[in-house]
>>> print(open('run08.txt').read())   # compact mmCIF, C-alpha atoms
# COMPACT_ATOMS: atom_id res chain seq x y z
CA ASP A 1 130.08 107.94 68.42
CA VAL A 2 126.46 106.94 67.84
CA ASP A 3 125.86 109.55 65.13
CA ASN A 4 128.85 108.47 63.02
CA ALA A 5 127.98 104.79 63.39
CA SER A 6 124.36 105.51 62.45
CA ARG A 7 125.42 107.48 59.37
CA THR A 8 127.68 104.64 58.26
CA VAL A 9 124.99 102.00 58.74
CA ALA A 10 122.40 104.21 57.00
CA ALA A 11 124.76 104.59 54.02
CA VAL A 12 125.18 100.81 53.76
CA LEU A 13 121.42 100.26 54.00
CA GLU A 14 120.89 102.84 51.26
CA ALA A 15 123.54 101.28 49.00
CA VAL A 16 122.33 97.67 49.00
CA GLU A 17 119.11 95.77 48.42
CA ILE A 18 119.88 92.85 50.70
CA PRO A 19 119.33 92.55 54.46
CA VAL A 20 122.07 94.24 56.46
CA THR A 21 123.29 92.91 59.79
CA VAL A 22 125.71 94.51 62.21
CA LYS A 23 128.27 92.88 64.45
CA MET A 24 129.61 95.02 67.25
CA ARG A 25 131.19 94.95 70.68
CA LEU A 26 129.66 96.27 73.88
CA GLY A 27 131.60 99.53 73.57
CA TRP A 28 135.08 100.96 73.75
CA ASP A 29 135.65 100.07 77.41
CA ARG A 30 133.59 99.39 80.57
CA ASP A 31 133.06 103.13 81.04
CA HIS A 32 131.80 103.62 77.49
CA ILE A 33 129.16 100.96 76.77
CA THR A 34 127.34 101.95 73.57
CA ALA A 35 125.82 98.71 72.31
CA PRO A 36 122.27 99.15 73.70
CA THR A 37 122.05 102.69 72.29
CA LEU A 38 123.47 101.57 68.94
CA ALA A 39 121.12 98.58 68.82
CA ARG A 40 118.09 100.89 69.18
CA ALA A 41 119.44 103.27 66.56
CA PHE A 42 120.30 100.52 64.07
CA GLU A 43 116.92 98.87 64.58
CA LYS A 44 115.18 102.16 63.72
CA LEU A 45 117.32 102.45 60.58
CA GLY A 46 116.18 99.02 59.37
CA VAL A 47 119.04 96.67 60.23
CA ALA A 48 117.87 93.04 59.97
CA ALA A 49 119.80 91.68 62.98
CA ILE A 50 122.61 92.47 65.37
CA THR A 51 125.39 90.25 66.65
CA ILE A 52 126.82 91.49 69.91
CA HIS A 53 130.20 90.37 71.17
CA GLY A 54 130.12 90.48 74.95
CA ARG A 55 133.45 92.26 75.40
CA THR A 56 134.56 95.82 74.86
CA ARG A 57 137.14 96.86 72.31
CA GLN A 58 139.62 97.42 75.13
CA HIS A 59 139.27 93.81 76.29
CA VAL A 60 139.70 92.32 72.80
CA PHE A 61 139.77 88.56 73.65
CA GLN A 62 140.89 88.88 77.26
CA GLY A 63 138.80 88.48 80.38
CA HIS A 64 135.32 87.03 80.31
CA VAL A 65 132.31 87.89 78.22
CA HIS A 66 129.93 90.31 79.96
CA LEU A 67 126.57 88.54 79.70
CA ASP A 68 124.71 91.40 81.39
CA GLY A 69 125.89 93.73 78.63
CA VAL A 70 124.66 91.29 76.00
CA ARG A 71 121.30 91.07 77.81
CA GLU A 72 121.00 94.88 77.92
CA THR A 73 121.60 94.99 74.17
CA VAL A 74 118.98 92.27 73.60
CA GLU A 75 116.50 94.25 75.70
CA ALA A 76 117.24 97.46 73.77
CA ALA A 77 116.20 95.94 70.43
CA HIS A 78 112.48 95.24 70.24
CA SER A 79 111.77 93.86 66.78
CA ILE A 80 115.02 92.41 65.42
CA PRO A 81 117.01 89.38 66.54
CA VAL A 82 120.11 89.93 68.61
CA ILE A 83 122.72 87.19 68.42
CA GLY A 84 125.05 86.69 71.38
CA ASN A 85 128.75 86.07 70.83
CA GLY A 86 131.83 85.47 72.96
CA ASP A 87 133.30 82.73 75.16
CA VAL A 88 131.13 79.96 73.69
CA ARG A 89 133.35 76.88 73.78
CA THR A 90 130.93 74.26 75.10
CA VAL A 91 127.29 73.30 74.85
CA GLU A 92 126.75 74.67 78.35
CA ASP A 93 128.31 78.00 77.33
CA ALA A 94 125.83 78.28 74.45
CA LEU A 95 122.88 77.37 76.64
CA GLN A 96 123.99 79.82 79.33
CA MET A 97 124.35 82.61 76.75
CA ARG A 98 120.74 82.06 75.66
CA ARG A 99 119.43 81.59 79.20
CA VAL A 100 121.11 84.63 80.76
CA THR A 101 120.80 87.09 77.87
CA GLY A 102 117.61 86.08 76.09
CA CYS A 103 119.41 86.37 72.76
CA ALA A 104 117.74 84.91 69.69
CA ALA A 105 120.77 82.82 68.72
CA VAL A 106 124.42 82.26 69.54
CA ALA A 107 127.36 82.92 67.23
CA ILE A 108 130.30 80.62 67.80
CA GLY A 109 133.78 81.60 66.65
CA ARG A 110 136.94 80.32 68.29
CA GLY A 111 134.97 77.62 70.12
CA ALA A 112 134.36 75.95 66.76
CA LEU A 113 138.07 75.98 66.02
CA MET A 114 138.76 73.93 69.13
CA ASP A 115 135.69 71.73 68.65
CA PRO A 116 134.22 71.76 65.14
CA TRP A 117 131.60 69.28 66.39
CA ILE A 118 130.18 71.79 68.87
CA PHE A 119 127.26 72.48 66.55
CA GLN A 120 126.29 68.79 66.50
CA ARG A 121 126.67 68.63 70.27
CA ILE A 122 124.34 71.61 70.72
CA GLU A 123 121.80 70.20 68.27
CA ARG A 124 121.79 66.88 70.10
CA VAL A 125 121.11 68.55 73.46
CA LEU A 126 118.41 70.80 72.00
CA THR A 127 116.64 67.76 70.56
CA GLY A 128 116.71 66.01 73.94
CA ASP A 129 119.74 63.73 73.55
CA LEU A 130 121.66 64.37 76.78
CA GLU A 131 124.13 61.49 76.34
CA PRO A 132 127.75 62.64 75.96
CA TRP A 133 128.78 62.30 72.33
CA GLU A 134 132.12 62.16 70.56
CA PRO A 135 132.61 61.80 66.82
CA SER A 136 134.14 58.50 65.82
CA ALA A 137 137.71 58.37 64.55
CA LEU A 138 136.34 57.83 61.02
CA GLU A 139 134.07 60.90 61.34
CA GLN A 140 137.02 62.98 62.54
CA ILE A 141 139.22 61.81 59.67
CA ALA A 142 136.42 62.47 57.15
CA PHE A 143 135.96 65.97 58.55
CA LEU A 144 139.68 66.77 58.41
CA THR A 145 139.96 65.33 54.90
CA ARG A 146 137.00 67.37 53.66
CA HIS A 147 138.34 70.54 55.29
CA PHE A 148 141.73 70.05 53.67
CA GLN A 149 140.16 69.28 50.28
CA LEU A 150 138.07 72.46 50.39
CA MET A 151 141.15 74.49 51.30
CA PHE A 152 143.12 72.78 48.52
CA ASP A 153 140.39 73.60 46.00
CA GLN A 154 140.42 77.24 47.05
CA HIS A 155 144.08 77.93 47.78
CA GLY A 156 146.14 75.28 45.99
CA GLU A 157 148.61 72.78 47.39
CA ARG A 158 151.34 74.92 48.93
CA MET A 159 149.13 77.46 50.71
CA SER A 160 146.70 74.77 51.90
CA CYS A 161 149.49 72.72 53.45
CA LEU A 162 150.79 75.78 55.27
CA MET A 163 147.37 76.94 56.44
CA PHE A 164 146.04 73.55 57.43
CA ARG A 165 148.73 73.05 60.06
CA LYS A 166 147.01 75.71 62.17
CA PHE A 167 143.61 74.04 61.88
CA ALA A 168 144.96 70.57 62.62
CA ALA A 169 146.58 71.90 65.80
CA TRP A 170 143.33 73.55 66.89
CA TYR A 171 141.27 70.44 66.19
CA GLY A 172 143.76 68.31 68.10
CA ALA A 173 143.89 70.59 71.15
CA ARG A 174 140.60 69.37 72.57
>>> encode(input="run08.txt", output="structure tokens")
Amino acid sequence: DVDNASRTVAAVLEAVEIPVTVKMRLGWDRDHITAPTLARAFEKLGVAAITIHGRTRQHVFQGHVHLDGVRETVEAAHSIPVIGNGDVRTVEDALQMRRVTGCAAVAIGRGALMDPWIFQRIERVLTGDLEPWEPSALEQIAFLTRHFQLMFDQHGERMSCLMFRKFAAWYGAR
């Protein structure tokens, strides 16, 4: 419900002195798309930016991102950035998200778990380097070592060893 969501966002804006952003889905299901309406309402309230996941709540992580719905949300907001999210696993996916939707930026979630170097790949393409690029074995080892060390520092030995297995499997799935 737009009124309830607006009241909640207004309460957060009132309670804090920092910029507030909102991440939302397109709507509950394909028959109830609320994101464009919410984007307009949140913009009027003073939200600093919106991240829109291109699926409905019903679809969770199944099916494909609905780029037209993301574009409609981008078009609904006039003065704040809208960040597109969903199904970005490659450089081409990120470029297509921007091209089709006109979003100000792209948020990458699970795609970074499968390819933590996706950000470098995108940066290379955006700066004109179109040559395929892979991190060297030493760069990959350094990345994994740093990731594990940061987890170790935060969670300790036992929990880090348990948690890191998941990340190592994701990084190796590519």
>>> closest_atom_pairs(input="run08.txt", of="range 69-137 of chain A", to="range 14-33 of chain A", cutoff="12 Å", atoms="only C-alpha atoms", output="JSON lines")
{"residue": "A:Gly69", "atom": "CA", "partner": "A:Leu26", "partner_atom": "CA", "distance": 6.6}
{"residue": "A:Val70", "atom": "CA", "partner": "A:Leu26", "partner_atom": "CA", "distance": 7.4}
{"residue": "A:Arg71", "atom": "CA", "partner": "A:Leu26", "partner_atom": "CA", "distance": 10.6}
{"residue": "A:Glu72", "atom": "CA", "partner": "A:Leu26", "partner_atom": "CA", "distance": 9.7}
{"residue": "A:Thr73", "atom": "CA", "partner": "A:Leu26", "partner_atom": "CA", "distance": 8.2}
{"residue": "A:Val74", "atom": "CA", "partner": "A:Leu26", "partner_atom": "CA", "distance": 11.4}
{"residue": "A:Ile80", "atom": "CA", "partner": "A:Thr21", "partner_atom": "CA", "distance": 10.0}
{"residue": "A:Pro81", "atom": "CA", "partner": "A:Thr21", "partner_atom": "CA", "distance": 9.9}
{"residue": "A:Val82", "atom": "CA", "partner": "A:Lys23", "partner_atom": "CA", "distance": 9.6}
{"residue": "A:Ile83", "atom": "CA", "partner": "A:Lys23", "partner_atom": "CA", "distance": 8.9}
{"residue": "A:Gly84", "atom": "CA", "partner": "A:Lys23", "partner_atom": "CA", "distance": 9.8}
{"residue": "A:Asn85", "atom": "CA", "partner": "A:Arg25", "partner_atom": "CA", "distance": 9.2}
{"residue": "A:Gly86", "atom": "CA", "partner": "A:Arg25", "partner_atom": "CA", "distance": 9.8}
{"residue": "A:Ala107", "atom": "CA", "partner": "A:Lys23", "partner_atom": "CA", "distance": 10.4}
>>> residues_around(input="run08.txt", residues="Leu67 in chain A", least_positions_apart="5", cutoff="8 Å", atoms="all atoms listed in the file", output="ChimeraX atom specification")
/A:54,97,100-101
>>> closest_residue(input="run08.txt", among="A:Leu13, A:Val2, A:Ile50, A:Ala94", to="Glu123 in chain A", atoms="only C-alpha atoms")
A:Ala94
>>> closest_residue(input="run08.txt", among="A:Ala168, A:Ile52, A:Val65, A:Val88", to="Thr34 in chain A", atoms="only C-alpha atoms")
A:Ile52
>>> atom_distance(input="run08.txt", atom1="CA of Gly156 in chain A", atom2="CA of Phe143 in chain A")
18.7 Å
